[in-house]
Amino acid sequence: MTERDLLSSDSYSSDTYSSDVGSSEGYAHLAGTLADPTASSPPQPLREAVETAMRRYFKHLDGSQATDLYAMVMAEVEAPLLACVLEHTEGNQTRAADALGLNRGTLRKKLKLYGLIEGDAP
């Protein structure tokens, strides 16, 4: 099992789910959570999902030294965040940058870094 597998595994226990899911209209009640709109169990707050993943990661290290942990975690979170926001804005990078609070140039750089858009032709 790789480091990425340990961080992204779906083996969360049901006792870590929040019971307060808010409004059932639209997806507004999913803000700040990891959720599948078709799932029947309540969504797990993002903070709890990260904590659960990190505890699982450290448990599987079994005494080994972790390195470059911050970069690894940020890449695991940032890439799907950018992809989802870009999908939500129907590929409109200006709107995506606004939603994320980023400069459009910074967003493009990150999208290229994660292979979410192709680089400019020379």
# chains A, B, ... in the order shown; residues from 1 in each chain; ligands from 1

call {"tool": "select_by_dssp", "arguments": {"residues": "stretch 60-92 of chain A", "states": "alpha helix (DSSP H)", "output": "PDB file with N, CA and C atoms, in the first residue's frame"}}
result
ATOM      1  N   HIS A  60       0.111   3.175   9.932  1.00  0.00           N
ATOM      2  CA  HIS A  60       0.722   2.280   8.951  1.00  0.00           C
ATOM      3  C   HIS A  60       2.214   2.530   8.765  1.00  0.00           C
ATOM      4  N   LEU A  61       2.703   3.686   9.198  1.00  0.00           N
ATOM      5  CA  LEU A  61       4.149   3.932   9.122  1.00  0.00           C
ATOM      6  C   LEU A  61       4.908   2.965  10.013  1.00  0.00           C
ATOM      7  N   LEU A  69       5.783  15.335   4.144  1.00  0.00           N
ATOM      8  CA  LEU A  69       4.384  15.070   4.450  1.00  0.00           C
ATOM      9  C   LEU A  69       3.464  16.218   4.033  1.00  0.00           C
ATOM     10  N   TYR A  70       3.876  17.448   4.296  1.00  0.00           N
ATOM     11  CA  TYR A  70       3.036  18.602   3.961  1.00  0.00           C
ATOM     12  C   TYR A  70       2.757  18.649   2.458  1.00  0.00           C
ATOM     13  N   ALA A  71       3.789  18.510   1.653  1.00  0.00           N
ATOM     14  CA  ALA A  71       3.626  18.557   0.195  1.00  0.00           C
ATOM     15  C   ALA A  71       2.736  17.420  -0.291  1.00  0.00           C
ATOM     16  N   MET A  72       2.905  16.236   0.282  1.00  0.00           N
ATOM     17  CA  MET A  72       2.112  15.083  -0.124  1.00  0.00           C
ATOM     18  C   MET A  72       0.627  15.312   0.183  1.00  0.00           C
ATOM     19  N   VAL A  73       0.332  15.789   1.380  1.00  0.00           N
ATOM     20  CA  VAL A  73      -1.056  16.011   1.768  1.00  0.00           C
ATOM     21  C   VAL A  73      -1.671  17.135   0.941  1.00  0.00           C
ATOM     22  N   MET A  74      -0.933  18.216   0.753  1.00  0.00           N
ATOM     23  CA  MET A  74      -1.468  19.336  -0.017  1.00  0.00           C
ATOM     24  C   MET A  74      -1.779  18.909  -1.455  1.00  0.00           C
ATOM     25  N   ALA A  75      -0.918  18.106  -2.048  1.00  0.00           N
ATOM     26  CA  ALA A  75      -1.169  17.627  -3.411  1.00  0.00           C
ATOM     27  C   ALA A  75      -2.412  16.736  -3.455  1.00  0.00           C
ATOM     28  N   GLU A  76      -2.592  15.914  -2.429  1.00  0.00           N
ATOM     29  CA  GLU A  76      -3.752  15.024  -2.377  1.00  0.00           C
ATOM     30  C   GLU A  76      -5.055  15.802  -2.238  1.00  0.00           C
ATOM     31  N   VAL A  77      -5.015  16.933  -1.572  1.00  0.00           N
ATOM     32  CA  VAL A  77      -6.217  17.734  -1.356  1.00  0.00           C
ATOM     33  C   VAL A  77      -6.410  18.751  -2.479  1.00  0.00           C
ATOM     34  N   GLU A  78      -5.331  19.380  -2.898  1.00  0.00           N
ATOM     35  CA  GLU A  78      -5.444  20.477  -3.858  1.00  0.00           C
ATOM     36  C   GLU A  78      -5.896  20.020  -5.245  1.00  0.00           C
ATOM     37  N   ALA A  79      -5.381  18.922  -5.732  1.00  0.00           N
ATOM     38  CA  ALA A  79      -5.734  18.459  -7.077  1.00  0.00           C
ATOM     39  C   ALA A  79      -7.234  18.195  -7.226  1.00  0.00           C
ATOM     40  N   PRO A  80      -7.868  17.410  -6.327  1.00  0.00           N
ATOM     41  CA  PRO A  80      -9.309  17.210  -6.491  1.00  0.00           C
ATOM     42  C   PRO A  80     -10.117  18.472  -6.216  1.00  0.00           C
ATOM     43  N   LEU A  81      -9.625  19.352  -5.341  1.00  0.00           N
ATOM     44  CA  LEU A  81     -10.301  20.625  -5.108  1.00  0.00           C
ATOM     45  C   LEU A  81     -10.352  21.431  -6.395  1.00  0.00           C
ATOM     46  N   LEU A  82      -9.217  21.558  -7.061  1.00  0.00           N
ATOM     47  CA  LEU A  82      -9.162  22.322  -8.305  1.00  0.00           C
ATOM     48  C   LEU A  82     -10.047  21.682  -9.376  1.00  0.00           C
ATOM     49  N   ALA A  83      -9.989  20.366  -9.482  1.00  0.00           N
ATOM     50  CA  ALA A  83     -10.786  19.663 -10.490  1.00  0.00           C
ATOM     51  C   ALA A  83     -12.283  19.863 -10.253  1.00  0.00           C
ATOM     52  N   CYS A  84     -12.715  19.770  -9.013  1.00  0.00           N
ATOM     53  CA  CYS A  84     -14.141  19.930  -8.703  1.00  0.00           C
ATOM     54  C   CYS A  84     -14.616  21.357  -8.943  1.00  0.00           C
ATOM     55  N   VAL A  85     -13.798  22.339  -8.560  1.00  0.00           N
ATOM     56  CA  VAL A  85     -14.192  23.728  -8.771  1.00  0.00           C
ATOM     57  C   VAL A  85     -14.236  24.031 -10.260  1.00  0.00           C
ATOM     58  N   LEU A  86     -13.278  23.516 -11.014  1.00  0.00           N
ATOM     59  CA  LEU A  86     -13.267  23.731 -12.457  1.00  0.00           C
ATOM     60  C   LEU A  86     -14.490  23.079 -13.109  1.00  0.00           C
ATOM     61  N   GLU A  87     -14.849  21.901 -12.633  1.00  0.00           N
ATOM     62  CA  GLU A  87     -16.053  21.237 -13.138  1.00  0.00           C
ATOM     63  C   GLU A  87     -17.300  22.056 -12.790  1.00  0.00           C
ATOM     64  N   HIS A  88     -17.353  22.557 -11.561  1.00  0.00           N
ATOM     65  CA  HIS A  88     -18.492  23.351 -11.102  1.00  0.00           C
ATOM     66  C   HIS A  88     -18.660  24.623 -11.939  1.00  0.00           C
TER      67      HIS A  88
END

call {"tool": "residues_around", "arguments": {"residues": "A:Thr89", "least_positions_apart": "6", "cutoff": "12 Å", "atoms": "only C-alpha atoms", "output": "VMD selection string"}}
result
chain A and resid 82 to 83 95 to 100

call {"tool": "residues_around", "arguments": {"residues": "A:Glu118", "least_positions_apart": "5", "cutoff": "12 Å", "atoms": "only C-alpha atoms", "output": "PyMOL selection string"}}
result
chain A and resi 108-113

call {"tool": "atom_distance", "arguments": {"atom1": "atom CA of A:Ala66", "atom2": "atom CA of A:Met54"}}
result
11.3 Å

call {"tool": "atom_distance", "arguments": {"atom1": "atom CA of A:Arg104", "atom2": "atom CA of A:Leu116"}}
result
14.4 Å
